[in-house]
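Q: Dropping in upload-v3.csv, with CSV, C-alpha atoms and all ligand atoms.
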```
chain,number,residue,atom,x,y,z
I,1,MET,CA,-19.6,52.3,0.3
I,2,ILE,CA,-21.1,53.8,-2.8
I,3,ASP,CA,-21.2,57.6,-3.2
I,4,LEU,CA,-24.7,57.8,-4.5
I,5,GLY,CA,-24.9,61.5,-4.9
I,6,THR,CA,-21.8,61.8,-7.1
I,7,ASP,CA,-22.8,58.7,-8.9
I,8,ARG,CA,-26.2,60.2,-9.7
I,9,ARG,CA,-24.8,63.5,-10.9
I,10,LYS,CA,-22.4,61.7,-13.2
I,11,TRP,CA,-25.3,59.7,-14.7
I,12,ASP,CA,-27.4,62.8,-15.3
I,13,CYS,CA,-24.6,64.7,-17.0
I,14,GLU,CA,-23.4,61.8,-19.1
I,15,GLY,CA,-26.7,61.4,-20.9
I,16,GLU,CA,-26.1,60.9,-24.6
I,17,ARG,CA,-29.6,62.0,-25.7
I,18,PRO,CA,-32.1,64.5,-24.4
I,19,SER,CA,-34.6,62.7,-22.3
I,20,PHE,CA,-37.7,64.4,-23.8
I,21,PHE,CA,-39.7,61.2,-23.5
I,22,VAL,CA,-39.3,61.1,-19.8
I,23,LEU,CA,-42.5,62.8,-18.7
I,24,HIS,CA,-44.5,63.6,-15.6
I,25,SER,CA,-41.6,64.6,-13.4
I,26,PRO,CA,-42.8,67.2,-11.0
I,27,PHE,CA,-39.6,69.1,-11.7
I,28,HIS,CA,-39.8,68.9,-15.4
I,29,ASP,CA,-40.1,72.7,-15.9
I,30,PHE,CA,-37.6,73.7,-13.2
I,31,PRO,CA,-34.2,75.2,-14.2
I,32,PHE,CA,-31.8,72.3,-14.8
I,33,SER,CA,-29.4,73.0,-11.9
I,34,PHE,CA,-32.3,73.3,-9.4
I,35,GLY,CA,-33.8,70.1,-10.7
I,36,LEU,CA,-30.5,68.3,-10.4
I,37,LEU,CA,-29.9,69.4,-6.9
I,38,THR,CA,-33.3,68.5,-5.6
I,39,PHE,CA,-33.6,65.4,-7.7
I,40,CYS,CA,-31.8,63.0,-5.3
I,41,ILE,CA,-34.4,63.3,-2.6
I,42,MET,CA,-37.4,63.4,-4.9
I,43,ALA,CA,-39.6,60.9,-6.6
I,44,ALA,CA,-38.5,59.0,-9.8
I,45,LYS,CA,-39.2,60.3,-13.3
I,46,ILE,CA,-41.8,58.1,-15.0
I,47,ILE,CA,-40.6,56.7,-18.3
I,48,ASP,CA,-43.6,57.1,-20.6
I,49,GLY,CA,-43.5,53.9,-22.7
I,50,ALA,CA,-46.8,54.8,-24.3
I,51,ALA,CA,-45.4,58.2,-25.7
I,52,LEU,CA,-42.2,56.5,-26.8
I,53,ALA,CA,-44.2,53.8,-28.5
I,54,LEU,CA,-46.3,56.3,-30.4
I,55,ALA,CA,-43.2,58.2,-31.6
I,56,LEU,CA,-41.7,54.9,-32.8
I,57,ARG,CA,-44.9,54.0,-34.7
I,58,ASP,CA,-44.8,57.3,-36.5
I,59,GLU,CA,-41.3,56.5,-37.7
I,60,VAL,CA,-42.3,53.0,-38.7
I,61,ALA,CA,-45.3,54.4,-40.6
I,62,ARG,CA,-43.2,56.9,-42.4
I,63,ARG,CA,-40.7,54.2,-43.6
I,64,ILE,CA,-43.6,51.8,-44.6
I,65,ALA,CA,-45.1,54.6,-46.7
I,66,LEU,CA,-41.7,55.0,-48.4
I,67,LEU,CA,-41.7,51.2,-49.2
I,68,GLY,CA,-45.3,51.6,-50.5
I,69,GLN,CA,-44.2,54.3,-52.9
I,70,GLN,CA,-41.7,51.8,-54.3
I,71,GLY,CA,-44.5,49.3,-54.8
I,72,ARG,CA,-43.3,47.2,-51.9
I,73,ALA,CA,-46.3,46.1,-49.7
I,74,VAL,CA,-45.5,44.9,-46.1
I,75,GLN,CA,-47.5,41.9,-45.0
I,76,LEU,CA,-47.4,40.2,-41.5
I,77,THR,CA,-49.0,36.8,-41.4
I,78,ALA,CA,-49.8,35.6,-37.9
I,79,ILE,CA,-50.6,31.9,-37.1
I,80,LEU,CA,-53.2,31.0,-34.5
I,81,VAL,CA,-53.6,27.4,-33.6
I,82,GLY,CA,-57.0,26.6,-32.0
I,83,SER,CA,-59.4,29.5,-32.0
I,84,THR,CA,-59.9,31.0,-28.5
I,85,ALA,CA,-61.6,34.2,-27.6
I,86,ALA,CA,-58.4,35.5,-26.0
I,87,GLY,CA,-56.3,34.6,-29.1
I,88,GLU,CA,-58.8,36.2,-31.5
I,89,LEU,CA,-58.9,39.4,-29.3
I,90,TYR,CA,-55.1,39.6,-29.2
I,91,ALA,CA,-54.9,39.1,-32.9
I,92,GLU,CA,-57.6,41.8,-33.5
I,93,ARG,CA,-55.5,44.3,-31.5
I,94,GLN,CA,-52.5,43.3,-33.5
I,95,ARG,CA,-54.4,43.9,-36.7
I,96,GLN,CA,-55.4,47.4,-35.6
I,97,ALA,CA,-51.8,48.3,-34.6
I,98,CYS,CA,-50.6,47.0,-38.0
I,99,ARG,CA,-53.2,48.9,-40.0
I,100,ALA,CA,-52.3,52.1,-38.2
I,101,VAL,CA,-48.8,52.0,-39.6
I,102,GLY,CA,-49.7,50.6,-43.1
I,103,ILE,CA,-48.9,46.9,-42.5
I,104,ASN,CA,-51.3,44.3,-44.1
I,105,TYR,CA,-52.2,41.9,-41.4
I,106,GLU,CA,-53.4,38.4,-42.2
I,107,LEU,CA,-54.5,35.9,-39.5
I,108,ARG,CA,-54.3,32.2,-40.4
I,109,THR,CA,-56.2,30.0,-37.9
I,110,PHE,CA,-55.6,26.2,-37.8
I,111,PRO,CA,-57.5,23.6,-35.9
I,112,ALA,CA,-56.2,22.8,-32.3
I,113,ASP,CA,-55.5,19.2,-33.4
I,114,ILE,CA,-53.2,20.1,-36.3
I,115,THR,CA,-50.1,17.8,-36.4
I,116,ALA,CA,-46.6,19.2,-36.0
I,117,ASN,CA,-45.7,18.1,-39.5
I,118,ALA,CA,-48.8,19.9,-41.0
I,119,LEU,CA,-48.1,23.1,-39.1
I,120,ALA,CA,-44.4,23.0,-40.1
I,121,ASN,CA,-45.5,22.6,-43.8
I,122,GLU,CA,-47.8,25.7,-43.4
I,123,ILE,CA,-44.9,27.7,-42.0
I,124,GLN,CA,-42.7,26.6,-44.9
I,125,LYS,CA,-45.3,27.7,-47.4
I,126,LEU,CA,-45.3,31.2,-45.8
I,127,ASN,CA,-41.5,31.2,-45.9
I,128,HIS,CA,-41.6,30.7,-49.6
I,129,ASP,CA,-44.5,33.1,-50.3
I,130,PRO,CA,-43.0,36.4,-51.7
I,131,ALA,CA,-46.1,38.3,-50.7
I,132,VAL,CA,-45.5,37.5,-47.0
I,133,SER,CA,-42.7,39.7,-45.5
I,134,GLY,CA,-43.1,38.7,-41.8
I,135,ILE,CA,-44.4,35.6,-39.9
I,136,MET,CA,-45.3,35.2,-36.3
I,137,LEU,CA,-46.8,32.4,-34.2
I,138,HIS,CA,-49.3,33.1,-31.4
I,139,LEU,CA,-48.5,31.3,-28.2
I,140,PRO,CA,-49.4,29.2,-26.3
I,141,LEU,CA,-49.7,26.3,-28.6
I,142,PRO,CA,-51.7,23.2,-27.8
I,143,GLY,CA,-49.8,20.7,-25.6
I,144,HIS,CA,-48.8,18.3,-28.4
I,145,LEU,CA,-46.9,21.0,-30.3
I,146,ASP,CA,-43.4,22.2,-29.3
I,147,ALA,CA,-43.3,26.0,-29.6
I,148,THR,CA,-39.5,26.2,-30.0
I,149,ALA,CA,-39.5,23.5,-32.8
I,150,MET,CA,-42.2,25.5,-34.6
I,151,GLN,CA,-40.5,28.8,-34.2
I,152,TYR,CA,-37.4,27.2,-35.6
I,153,GLN,CA,-39.3,26.6,-38.8
I,154,ILE,CA,-39.8,30.3,-39.4
I,155,ASP,CA,-37.3,31.8,-41.9
I,156,PRO,CA,-35.0,33.9,-39.7
I,157,VAL,CA,-35.4,36.9,-42.0
I,158,LYS,CA,-39.2,36.7,-41.7
I,159,ASP,CA,-39.1,36.0,-37.9
I,160,VAL,CA,-40.6,39.3,-36.7
I,161,GLU,CA,-40.6,38.3,-33.1
I,162,GLY,CA,-36.9,37.4,-33.2
I,163,VAL,CA,-37.6,34.0,-31.6
I,164,ASN,CA,-36.0,31.6,-34.0
I,165,PRO,CA,-32.9,30.1,-32.3
I,166,ALA,CA,-30.8,31.3,-35.2
I,167,ASN,CA,-31.8,34.9,-34.5
I,168,ILE,CA,-30.9,34.5,-30.8
I,169,GLY,CA,-27.6,33.1,-32.0
I,170,TYR,CA,-26.9,36.1,-34.2
I,171,VAL,CA,-27.4,38.3,-31.2
I,172,VAL,CA,-24.9,36.3,-29.2
I,173,TYR,CA,-22.3,36.6,-32.0
I,174,GLY,CA,-22.9,40.4,-32.3
I,175,HIS,CA,-24.5,40.2,-35.8
I,176,THR,CA,-28.1,40.9,-34.8
I,177,LEU,CA,-30.6,40.3,-37.6
I,178,ILE,CA,-33.9,40.6,-35.8
I,179,ALA,CA,-33.9,40.6,-31.9
I,180,PRO,CA,-36.8,39.7,-29.6
I,181,CYS,CA,-39.3,42.5,-29.3
I,182,THR,CA,-39.5,42.8,-25.5
I,183,ALA,CA,-35.8,42.9,-25.1
I,184,LEU,CA,-35.6,45.6,-27.8
I,185,ALA,CA,-38.3,47.5,-25.9
I,186,VAL,CA,-36.4,47.4,-22.7
I,187,ILE,CA,-33.2,48.7,-24.3
I,188,GLU,CA,-35.1,51.6,-25.9
I,189,LEU,CA,-36.8,52.5,-22.6
I,190,ILE,CA,-33.4,52.6,-20.8
I,191,LYS,CA,-31.8,54.6,-23.6
I,192,SER,CA,-34.7,57.2,-23.4
I,193,THR,CA,-33.3,58.3,-20.0
I,194,GLY,CA,-30.2,59.5,-21.7
I,195,VAL,CA,-28.0,57.4,-19.3
I,196,SER,CA,-25.1,55.6,-20.8
I,197,LEU,CA,-25.3,51.8,-20.7
I,198,ARG,CA,-21.6,51.4,-21.2
I,199,GLY,CA,-20.1,49.9,-18.0
I,200,ALA,CA,-23.4,50.3,-16.1
I,201,GLU,CA,-24.2,47.8,-13.3
I,202,ALA,CA,-27.3,46.0,-14.7
I,203,VAL,CA,-29.3,43.3,-12.9
I,204,VAL,CA,-32.0,41.3,-14.7
I,205,VAL,CA,-34.4,39.4,-12.5
I,206,GLY,CA,-36.0,36.5,-14.5
I,207,ALA,CA,-34.2,34.3,-17.0
I,208,SER,CA,-36.9,33.0,-19.4
I,209,GLU,CA,-36.1,32.5,-23.1
I,210,ILE,CA,-38.8,35.1,-24.1
I,211,ALA,CA,-37.8,37.9,-21.7
I,212,GLY,CA,-34.9,37.7,-19.2
I,213,LYS,CA,-32.2,35.9,-21.2
I,214,PRO,CA,-32.6,38.1,-24.4
I,215,ILE,CA,-32.7,41.2,-22.3
I,216,ALA,CA,-29.4,40.2,-20.6
I,217,LEU,CA,-27.9,39.5,-24.1
I,218,LEU,CA,-28.9,42.9,-25.5
I,219,LEU,CA,-27.6,44.7,-22.4
I,220,THR,CA,-24.3,42.8,-22.8
I,221,GLU,CA,-24.2,44.0,-26.4
I,222,GLN,CA,-24.6,47.5,-25.1
I,223,MET,CA,-21.5,46.9,-22.8
I,224,ALA,CA,-23.4,46.9,-19.5
I,225,THR,CA,-22.1,44.6,-16.8
I,226,ILE,CA,-24.8,42.0,-16.2
I,227,THR,CA,-26.1,39.9,-13.4
I,228,LEU,CA,-28.9,37.5,-14.3
I,229,CYS,CA,-31.0,36.4,-11.4
I,230,HIS,CA,-33.7,33.6,-11.3
I,231,ILE,CA,-35.6,31.4,-9.0
I,232,ALA,CA,-32.5,29.7,-7.7
I,233,THR,CA,-30.7,33.0,-6.9
I,234,ARG,CA,-29.6,33.2,-3.3
I,235,ASP,CA,-30.4,36.6,-1.6
I,236,LEU,CA,-32.0,38.4,-4.5
I,237,GLU,CA,-31.8,41.8,-2.8
I,238,GLN,CA,-28.0,41.6,-2.4
I,239,HIS,CA,-27.9,41.8,-6.3
I,240,THR,CA,-30.8,44.1,-7.0
I,241,ARG,CA,-29.6,46.7,-4.4
I,242,ARG,CA,-26.4,47.4,-6.3
I,243,ALA,CA,-28.1,47.7,-9.7
I,244,GLU,CA,-27.9,51.0,-11.5
I,245,ILE,CA,-30.2,49.5,-14.0
I,246,LEU,CA,-32.8,47.0,-12.7
I,247,VAL,CA,-35.0,45.0,-15.1
I,248,VAL,CA,-37.6,42.7,-13.6
I,249,ALA,CA,-39.3,40.0,-15.7
I,250,VAL,CA,-40.8,37.4,-13.4
I,251,GLY,CA,-44.6,37.5,-13.2
I,252,LYS,CA,-44.9,38.0,-9.4
I,253,PRO,CA,-46.7,41.2,-8.2
I,254,GLY,CA,-44.8,43.0,-5.4
I,255,LEU,CA,-41.6,41.0,-5.8
I,256,ILE,CA,-39.4,44.1,-5.8
I,257,GLY,CA,-40.1,46.5,-3.0
I,258,ALA,CA,-38.3,49.8,-2.2
I,259,GLU,CA,-35.7,48.2,0.0
I,260,ALA,CA,-34.5,46.1,-3.0
I,261,VAL,CA,-33.8,49.1,-5.2
I,262,ARG,CA,-30.7,51.3,-5.2
I,263,GLU,CA,-31.3,55.1,-4.8
I,264,GLY,CA,-31.5,56.7,-8.3
I,265,ALA,CA,-31.6,53.4,-10.2
I,266,ILE,CA,-33.4,53.0,-13.6
I,267,VAL,CA,-36.2,50.4,-12.9
I,268,ILE,CA,-37.8,48.6,-15.9
I,269,ASP,CA,-40.8,46.5,-15.0
I,270,VAL,CA,-41.6,43.9,-17.6
I,271,GLY,CA,-44.1,41.9,-15.4
I,272,ILE,CA,-47.8,41.9,-16.3
I,273,ASN,CA,-50.0,40.5,-13.5
I,274,ARG,CA,-53.8,40.7,-13.0
I,275,VAL,CA,-54.5,41.2,-9.3
I,276,THR,CA,-57.8,41.5,-7.4
I,277,GLN,CA,-58.0,44.7,-5.3
I,278,PRO,CA,-59.7,44.8,-1.8
I,279,ASP,CA,-62.9,46.1,-3.4
I,280,GLY,CA,-63.0,43.0,-5.7
I,281,THR,CA,-62.1,44.8,-8.9
I,282,LYS,CA,-59.2,43.6,-11.1
I,283,LYS,CA,-56.1,45.6,-11.9
I,284,THR,CA,-53.0,45.1,-14.0
I,285,VAL,CA,-49.7,45.6,-12.1
I,286,GLY,CA,-46.0,44.7,-12.7
I,287,ASP,CA,-43.5,42.9,-10.5
I,288,VAL,CA,-42.3,46.1,-8.9
I,289,ASP,CA,-44.2,47.9,-6.0
I,290,PHE,CA,-44.6,51.0,-8.1
I,291,GLU,CA,-45.9,53.4,-5.5
I,292,LEU,CA,-43.0,52.7,-3.0
I,293,VAL,CA,-40.2,52.2,-5.5
I,294,LYS,CA,-40.9,55.4,-7.4
I,295,GLU,CA,-40.1,57.4,-4.3
I,296,HIS,CA,-36.4,56.7,-4.6
I,297,ALA,CA,-35.7,55.2,-8.0
I,298,GLY,CA,-34.3,57.7,-10.6
I,299,TRP,CA,-36.5,56.5,-13.4
I,300,ILE,CA,-39.3,53.9,-13.5
I,301,THR,CA,-41.6,52.4,-16.0
I,302,PRO,CA,-45.3,52.1,-15.1
I,303,VAL,CA,-47.5,49.0,-15.6
I,304,PRO,CA,-49.5,49.4,-17.8
I,305,GLY,CA,-48.0,52.1,-20.0
I,306,GLY,CA,-44.3,51.1,-19.9
I,307,VAL,CA,-42.8,48.0,-21.5
I,308,GLY,CA,-46.1,46.7,-23.0
I,309,PRO,CA,-46.8,49.4,-25.6
I,310,MET,CA,-43.1,49.6,-26.5
I,311,THR,CA,-43.1,45.8,-27.2
I,312,VAL,CA,-46.0,46.2,-29.6
I,313,SER,CA,-44.2,49.0,-31.4
I,314,MET,CA,-41.0,46.9,-31.6
I,315,LEU,CA,-43.0,44.1,-33.3
I,316,LEU,CA,-44.1,46.7,-35.9
I,317,LYS,CA,-40.5,47.9,-36.3
I,318,ASN,CA,-39.3,44.3,-36.6
I,319,THR,CA,-41.9,43.7,-39.3
I,320,LEU,CA,-40.6,46.7,-41.2
I,321,ARG,CA,-37.0,45.4,-40.7
I,322,SER,CA,-38.1,42.0,-42.2
I,323,ALA,CA,-39.8,43.7,-45.1
I,324,GLU,CA,-36.6,45.7,-45.8
I,325,LEU,CA,-34.6,42.5,-45.8
I,326,VAL,CA,-37.1,40.4,-47.7
I,327,LEU,CA,-38.8,42.6,-50.3
I,328,PRO,CA,-37.0,43.3,-53.6
I,329,ASP,CA,-35.8,46.8,-53.9
I,330,ARG,CA,-37.0,48.0,-57.3
I,331,ASP,CA,-34.1,50.4,-57.7
I,332,LEU,CA,-31.8,47.4,-57.6
I,333,LEU,CA,-33.7,45.3,-60.1
I,401,LIG,P1,-41.5,32.7,-17.0
I,401,LIG,O1,-42.4,32.1,-16.0
I,401,LIG,O2,-41.2,32.0,-18.3
I,401,LIG,O3,-40.1,33.0,-16.3
I,401,LIG,C1,-40.0,33.6,-15.1
I,401,LIG,C2,-38.6,33.8,-14.6
I,401,LIG,O4,-38.6,34.3,-13.3
I,401,LIG,C3,-37.8,32.4,-14.5
I,401,LIG,O5,-36.5,32.6,-15.1
I,401,LIG,C4,-37.8,32.2,-13.0
I,401,LIG,O6,-36.6,31.5,-12.7
I,401,LIG,C5,-37.7,33.6,-12.5
I,401,LIG,N1,-38.3,33.7,-11.1
I,401,LIG,C6,-39.4,33.1,-10.6
I,401,LIG,N2,-39.6,33.5,-9.3
I,401,LIG,C7,-38.5,34.2,-9.0
I,401,LIG,C8,-38.1,34.8,-7.8
I,401,LIG,N3,-38.8,34.7,-6.6
I,401,LIG,N4,-36.9,35.5,-7.8
I,401,LIG,C9,-36.2,35.6,-8.9
I,401,LIG,N5,-36.5,35.0,-10.1
I,401,LIG,C10,-37.7,34.3,-10.1
I,401,LIG,O7,-42.1,34.2,-17.3
I,401,LIG,P2,-41.9,35.1,-18.6
I,401,LIG,O8,-42.6,34.6,-19.8
I,401,LIG,O9,-40.5,35.5,-18.7
I,401,LIG,O10,-42.7,36.4,-18.1
I,401,LIG,C11,-42.3,37.1,-17.0
I,401,LIG,C12,-43.3,38.3,-16.8
I,401,LIG,O11,-43.1,39.2,-17.8
I,401,LIG,C13,-44.8,37.9,-16.8
I,401,LIG,O12,-45.5,38.7,-16.0
I,401,LIG,C14,-45.2,38.2,-18.3
I,401,LIG,O13,-46.5,38.4,-18.4
I,401,LIG,C15,-44.3,39.4,-18.5
I,401,LIG,N6,-44.0,39.6,-19.9
I,401,LIG,C16,-44.3,40.9,-20.4
I,401,LIG,C17,-43.9,41.2,-21.7
I,401,LIG,C18,-44.2,42.6,-22.2
I,401,LIG,O14,-44.1,42.8,-23.4
I,401,LIG,N7,-44.5,43.5,-21.4
I,401,LIG,C19,-43.3,40.2,-22.5
I,401,LIG,C20,-43.1,39.0,-22.0
I,401,LIG,C21,-43.4,38.7,-20.7
```
Could you express the structure from this file as structure tokens?
A:
Amino acid sequence: MIDLGTDRRKWDCEGERPSFFVLHSPFHDFPFSFGLLTFCIMAAKIIDGAALALALRDEVARRIALLGQQGRAVQLTAILVGSTAAGELYAERQRQACRAVGINYELRTFPADITANALANEIQKLNHDPAVSGIMLHLPLPGHLDATAMQYQIDPVKDVEGVNPANIGYVVYGHTLIAPCTALAVIELIKSTGVSLRGAEAVVVGASEIAGKPIALLLTEQMATITLCHIATRDLEQHTRRAEILVVAVGKPGLIGAEAVREGAIVIDVGINRVTQPDGTKKTVGDVDFELVKEHAGWITPVPGGVGPMTVSMLLKNTLRSAELVLPDRDLL
């Protein structure tokens, strides 16, 4: 039997960083000891991903300005195959996010029937273009193109999404160059609670290449003890109920209810689902039943406003990282 009260106090006191990004707790202003004593029976603290994301963008903007002073311009070139309204809108939002931190954003759109060879050639040209510091490929691609094969074409140093298999490999070997954005976002959100990841019991639900597997890898790198669950997992709740850190990345609204979550756990909801409400209007929700789970989790990310904005900021941070790796440092010339 787990002594949850003791466990919880240990977590709160072992925090390595002040959790000033953890907002909206009704007990935020209470004296620490009182907050601690009452905390176990009260609702979760909401991890404000939007606030964390803004702070990270400020830091990225500051470092990009420093590069600019050295005459080093940062350029992210995004590739869109087949022009769709959704793809163009997404790209426009990316352009705005880049502009806000001083990154030049260029969108290259190619016809939907471009061949794999022609697209690979275009990527190679960008790899060799010194003006381009970062490259990303908008997904999904048309059916005749293999996304992984195309991502493999991107120079690992310019791979701002961290999706080239080489970059995943570097993470495995503990020599991370550029890691996948969503996984980095999840780690930052967990760290913002101040709870130590070392030795923590972490359960990741969902094992895709883009989300679950990289998240599990980065948690392992942080010395957490990992269980990775997926569609074939027998008795999912048996695993989720013992998680001190629960990350859910599946794409099924309401998959995780209150009974599936351990008291006091950190719950990170990666899922993004559009659902129709009883009145016919649409709403974006995660995979976790937020209203019920927040009553006894320790910390929880909302959807929207949790992992999503942090992932965008991580893309900007990775673009900065690429630029620092790629662009010549004038002081060294
Ligand atoms: P995916 O469909 O590629 O993978 C889903 C994973 O969930 C698979 O590993 C599958 O085995 C597992 N799964 C399915 N049903 C399950 C069940 N009942 N129990 C346990 N595991 C189950 O999806 P994805 O691309 O990884 O995306 C997952 C969700 O995360 C989606 O809602 C997506 O929109 C969202 N997402 C968000 C971000 C972000 O930045 N916030 C980034 C990527 C994905």
Q: Dump the neighbourhood of ligand LIG 401 (chain I) as an MDAnalysis selection string: all residues within 7 Å, distances computed on all atoms listed in the file.
A: chainID I and resid 182 205:212 229:233 236 249:252 255 270:273 286 307:308 311
Q: Restricting the calculation to only C-alpha atoms, which member of I:Leu189, I:Met136, I:Ile226, I:Ile114 is positioned closest to I:Asp159?
A: I:Met136
Q: Pick from I:Ile245, I:Ala224, I:Val172, I:Gly134: nearest to I:Pro156, with only C-alpha atoms counted?
A: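 Among I:Ile245, I:Ala224, I:Val172, I:Gly134, it is I:Gly134 that comes nearest to I:Pro156.
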Q: What is the distance between atom CA of I:Ser83 and atom CA of I:Gln124, in Å to one decimal?
A: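 It comes out at 21.3 Å.
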Q: What is the distance, in Å and to one decimal place, between atom CA of I:Pro140 and atom CA of I:Thr301?
A: 26.6 Å
Q: Which neighbours of I:Pro302 fall inside 12 Å, counting only C-alpha atoms, when residues of the same chain fewer than 4 positions from it are skipped, and could you give them as a PDB file with C-alpha atoms, keeping the file's coordinate frame?
A:
```
ATOM      1  CA  VAL I  22     -39.300  61.100 -19.800  1.00  0.00           C
ATOM      2  CA  LEU I  23     -42.500  62.800 -18.700  1.00  0.00           C
ATOM      3  CA  HIS I  24     -44.500  63.600 -15.600  1.00  0.00           C
ATOM      4  CA  ALA I  44     -38.500  59.000  -9.800  1.00  0.00           C
ATOM      5  CA  LYS I  45     -39.200  60.300 -13.300  1.00  0.00           C
ATOM      6  CA  ILE I  46     -41.800  58.100 -15.000  1.00  0.00           C
ATOM      7  CA  ILE I  47     -40.600  56.700 -18.300  1.00  0.00           C
ATOM      8  CA  ASP I  48     -43.600  57.100 -20.600  1.00  0.00           C
ATOM      9  CA  GLY I  49     -43.500  53.900 -22.700  1.00  0.00           C
ATOM     10  CA  ALA I  50     -46.800  54.800 -24.300  1.00  0.00           C
ATOM     11  CA  LEU I 189     -36.800  52.500 -22.600  1.00  0.00           C
ATOM     12  CA  VAL I 267     -36.200  50.400 -12.900  1.00  0.00           C
ATOM     13  CA  ILE I 268     -37.800  48.600 -15.900  1.00  0.00           C
ATOM     14  CA  ASP I 269     -40.800  46.500 -15.000  1.00  0.00           C
ATOM     15  CA  VAL I 270     -41.600  43.900 -17.600  1.00  0.00           C
ATOM     16  CA  GLY I 271     -44.100  41.900 -15.400  1.00  0.00           C
ATOM     17  CA  ILE I 272     -47.800  41.900 -16.300  1.00  0.00           C
ATOM     18  CA  THR I 284     -53.000  45.100 -14.000  1.00  0.00           C
ATOM     19  CA  VAL I 285     -49.700  45.600 -12.100  1.00  0.00           C
ATOM     20  CA  GLY I 286     -46.000  44.700 -12.700  1.00  0.00           C
ATOM     21  CA  ASP I 287     -43.500  42.900 -10.500  1.00  0.00           C
ATOM     22  CA  VAL I 288     -42.300  46.100  -8.900  1.00  0.00           C
ATOM     23  CA  ASP I 289     -44.200  47.900  -6.000  1.00  0.00           C
ATOM     24  CA  PHE I 290     -44.600  51.000  -8.100  1.00  0.00           C
ATOM     25  CA  GLU I 291     -45.900  53.400  -5.500  1.00  0.00           C
ATOM     26  CA  VAL I 293     -40.200  52.200  -5.500  1.00  0.00           C
ATOM     27  CA  LYS I 294     -40.900  55.400  -7.400  1.00  0.00           C
ATOM     28  CA  GLY I 306     -44.300  51.100 -19.900  1.00  0.00           C
ATOM     29  CA  VAL I 307     -42.800  48.000 -21.500  1.00  0.00           C
ATOM     30  CA  GLY I 308     -46.100  46.700 -23.000  1.00  0.00           C
ATOM     31  CA  PRO I 309     -46.800  49.400 -25.600  1.00  0.00           C
ATOM     32  CA  MET I 310     -43.100  49.600 -26.500  1.00  0.00           C
TER      33      MET I 310
END
```
Q: Dig up all the protein and nucleic acid residues within 12 Å of (-45.8, 53.1, -30.1) in the file frame, using only C-alpha atoms, and format them as a PyMOL selection string.
A: chain I and resi 48-61+97-98+100-101+185+188-189+305-317
Q: Please work out which residues fall within 12 Å of (-34.6, 30.6, -41.8), coordinates as given in the file, with only C-alpha atoms counting, and return them as a PyMOL selection string.
A: chain I and resi 123-124+126-128+134-135+150-160+162-167+177-178+322+326
Q: Calculate how many Å separate atom CA of I:Arg95 from atom CA of I:Glu161, rounding to one decimal.
A: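 Answer for the atom CA of I:Arg95 to atom CA of I:Glu161 separation: 15.3 Å.
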Q: Any idea what's packed within 12 Å of I:Arg99, counting all atoms listed in the file, ignoring anything in its chain fewer than 5 positions away? Could you give it as a list in words?
A: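 Selected residues are Arg57, Val60, Ala61, Ile64, Ala65, Val74, Gln75, Leu76, Glu92, Arg93, Gln94, Asn104, Tyr105, Glu106 and Leu316 of chain I.
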Q: Considering all atoms listed in the file, state which residue in the set I:Leu119, I:Leu139, I:Val204, I:Leu217 is at the smallest distance from I:Gly169.
A: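 Checking each candidate against I:Gly169, we get I:Leu217 as the closest.
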